[in-house]
Amino acid sequence: MTKSQIAEVLEEIATLLELKDENPFKIRAYANAARSLETFGGNLADLQDEEALGKIPGIGKAIAAKIKELAGTGKLKYLEELRAEFPAAILELFSISGLGAKKIKALYEQLQISSIEQLREACELGRVAQLPGFGETTQAKICTAIEQRAKHFGYFQFGQIAAEAETLRRDLAAHADALQVDVAGSYRRRREIVRDVDLVVATKKPAAITEFFIKHALVESIIAQGPTKTSVRLRSGIQCDLRVVSSAEYPFALNYFTGSKEHNIEMRSRALERGWTLNEYRLARLPPDPKAKKLRAGQAVRRPTIKIPTVREEADLYRALALDFVPPELRENCGEFEAAEKHS
DNA sequence: CTGACGTCGCATGGGC
DNA sequence: GCCTATGCGA
DNA sequence: GTCAG
């Protein structure tokens, strides 16, 4: 069994544990282990060497043993047991956007729904809307989500949507109230496959930008709309998210929404090392730690906090974290930090 | 051994 | 109609 | 379930 196949198994375990309503952190532990194994570039000569496996971040004793079993026998008792608790097809329901473990579980337990086809039928018969926690609106949304999936499987080729993305960026940028505009997300990272288009706009008039956006000719329907975040469906069928922020927040939002998730985690952790906290809006001083107090009452105990540099553009943020600028294409936490590390 | 594990915006359903 | 807890997605 | 303190 290959590394990727084993990672997929760990993903499946995470999904099945979610359906079982297991501890969310246990679920994430499996998902993290899957990701970690997948991206682990090190010399893993032997997937059966539990000791070596345990050294991979996110993989401990329990998961190392499971990987060993998989690598050795091609099977996993634990997985078989989990699978036995649900019909095999039920996992495809997770590909309907808007459906998560909780809703899928309810549909399964109360209407015995375990496939997309069964779900479509139940929606058309109006049965889904009767369930507690569901309603007419949710039922209708599920119907359109099923149609969406049939058309695109939820994925798009970069080239398929490049023209739309650029048009939106250009038209937003031409708006008098738009101070800065960029396409972020996996599109900015130039991934071949993208699931949505993420736009970030800096403005002093969020409402004006949002209104302009939802009325754009490329927008087919509105999925969600709020003061800072708006999601729409474009004519091509792809989902497009608009984030509206202030100029001061812009570099942070652009960086955050460009990702990748793994890259962001590493960025946050580098900020932490310097006594800062990084999120999609700002770099700030770490809030006072409640238990690091009490010593030397009366005296201000100061943490080795470094003064926060001003960040006006994305490059400033990398500079603040003592990194060379990392081009979006390389932001996958596959060695870019080692490469960007400034050895002083 | 024990506590943390990211966090927040939006839509919805249901109770008032 | 308003308020809030929950699920979902990112 | 994994990790750091």
# chains A, B, ... in the order shown; residues from 1 in each chain; ligands from 1
call {"tool": "residues_around", "arguments": {"residues": "range 55-61 of chain A", "least_positions_apart": "2", "cutoff": "8 Å", "atoms": "only C-alpha atoms (C1' of nucleotides)", "output": "VMD selection string"}}
result
(chain A and resid 29 32 to 33 36 to 37 40 50 to 53 63 to 65) or (chain D and resid 1 to 3)
call {"tool": "interface_residues", "arguments": {"of": "chain B", "to": "chain A", "cutoff": "10 Å", "atoms": "only C-alpha atoms (C1' of nucleotides)", "output": "compact mmCIF listing (two decimals) with C-alpha atoms (C1' of nucleotides), in the first residue's frame"}}
result
# COMPACT_ATOMS: atom_id res chain seq x y z
C1' DC B 5 -5.98 21.40 19.86
C1' DG B 6 -8.04 28.15 15.27
C1' DT B 7 -11.51 30.80 14.84
C1' DG B 9 -19.14 34.65 9.63
C1' DC B 10 -23.39 33.29 7.85
C1' DA B 11 -27.88 30.75 7.38
C1' DT B 12 -31.19 28.22 9.51
C1' DG B 13 -34.60 26.26 12.67
C1' DG B 14 -37.05 26.64 16.52
call {"tool": "interface_residues", "arguments": {"of": "chain C", "to": "chain A", "cutoff": "10 Å", "atoms": "only C-alpha atoms (C1' of nucleotides)", "output": "list of chain:residue names"}}
result
C:DT6, C:DG7, C:DC8, C:DG9, C:DA10
call {"tool": "select_by_dssp", "arguments": {"residues": "range 109-294 of chain A", "states": "strand (DSSP E)", "output": "MDAnalysis selection string"}}
result
chainID A and resid 156:157 178:183 193:194 196:203 219:225 229:234 239:245 276:278 283:285
call {"tool": "write_last_selection", "arguments": {"atoms": "C-alpha atoms", "output": "mmCIF file, in the first residue's frame"}}
result
data_model
loop_
_atom_site.group_PDB
_atom_site.id
_atom_site.type_symbol
_atom_site.label_atom_id
_atom_site.label_comp_id
_atom_site.auth_asym_id
_atom_site.auth_seq_id
_atom_site.Cartn_x
_atom_site.Cartn_y
_atom_site.Cartn_z
ATOM 1 C CA PHE A 156 -12.940 23.043 -11.810
ATOM 2 C CA GLN A 157 -9.822 23.238 -13.945
ATOM 3 C CA ALA A 178 -12.217 49.552 -4.201
ATOM 4 C CA LEU A 179 -8.798 50.423 -2.815
ATOM 5 C CA GLN A 180 -7.169 47.049 -3.429
ATOM 6 C CA VAL A 181 -8.399 43.877 -5.102
ATOM 7 C CA ASP A 182 -6.877 40.446 -5.534
ATOM 8 C CA VAL A 183 -7.925 36.928 -6.268
ATOM 9 C CA ILE A 193 -7.762 22.270 -9.647
ATOM 10 C CA VAL A 194 -9.765 24.882 -7.800
ATOM 11 C CA ASP A 196 -13.887 28.145 -5.580
ATOM 12 C CA VAL A 197 -12.705 31.654 -6.354
ATOM 13 C CA ASP A 198 -11.716 33.824 -3.404
ATOM 14 C CA LEU A 199 -11.710 37.579 -3.841
ATOM 15 C CA VAL A 200 -10.327 40.013 -1.299
ATOM 16 C CA VAL A 201 -11.179 43.696 -1.501
ATOM 17 C CA ALA A 202 -10.039 46.603 0.636
ATOM 18 C CA THR A 203 -12.535 49.425 0.914
ATOM 19 C CA VAL A 219 -23.022 36.287 -10.729
ATOM 20 C CA GLU A 220 -25.743 33.724 -11.211
ATOM 21 C CA SER A 221 -27.124 33.447 -7.675
ATOM 22 C CA ILE A 222 -26.394 34.486 -4.101
ATOM 23 C CA ILE A 223 -25.506 31.795 -1.619
ATOM 24 C CA ALA A 224 -24.851 33.965 1.420
ATOM 25 C CA GLN A 225 -24.478 37.663 2.044
ATOM 26 C CA LYS A 229 -18.337 37.945 3.594
ATOM 27 C CA THR A 230 -20.469 37.194 0.560
ATOM 28 C CA SER A 231 -20.734 33.939 -1.388
ATOM 29 C CA VAL A 232 -22.229 33.594 -4.832
ATOM 30 C CA ARG A 233 -22.533 31.057 -7.613
ATOM 31 C CA LEU A 234 -21.013 32.236 -10.878
ATOM 32 C CA GLN A 239 -18.643 29.255 -6.079
ATOM 33 C CA CYS A 240 -17.072 32.644 -5.501
ATOM 34 C CA ASP A 241 -16.412 34.176 -2.081
ATOM 35 C CA LEU A 242 -15.881 37.876 -1.551
ATOM 36 C CA ARG A 243 -14.112 39.139 1.570
ATOM 37 C CA VAL A 244 -14.414 42.825 2.299
ATOM 38 C CA VAL A 245 -11.844 44.321 4.651
ATOM 39 C CA TRP A 276 2.381 37.570 18.540
ATOM 40 C CA THR A 277 -0.856 36.209 17.285
ATOM 41 C CA LEU A 278 -1.656 36.214 13.589
ATOM 42 C CA LEU A 283 -0.747 40.757 13.796
ATOM 43 C CA ALA A 284 -1.218 41.534 17.470
ATOM 44 C CA ARG A 285 0.398 41.106 20.840
#
call {"tool": "closest_residue", "arguments": {"among": "A:Ala31, A:Glu313, A:Ala145, A:Glu8", "to": "chain D", "atoms": "only C-alpha atoms (C1' of nucleotides)"}}
result
A:Ala31
call {"tool": "residues_around", "arguments": {"residues": "Arg127 in chain A", "least_positions_apart": "5", "cutoff": "9 Å", "atoms": "only C-alpha atoms (C1' of nucleotides)", "output": "PyMOL selection string"}}
result
chain A and resi 111+121-122+139
call {"tool": "residues_around", "arguments": {"residues": "Glu124 in chain A", "least_positions_apart": "6", "cutoff": "12 Å", "atoms": "only C-alpha atoms (C1' of nucleotides)", "output": "PyMOL selection string"}}
result
chain A and resi 117-118+136+139-144+146
call {"tool": "atom_distance", "arguments": {"atom1": "CA of Asp316 in chain A", "atom2": "CA of Glu249 in chain A"}}
result
12.7 Å
call {"tool": "atom_distance", "arguments": {"atom1": "CA of Leu47 in chain A", "atom2": "CA of Lys68 in chain A"}}
result
6.2 Å
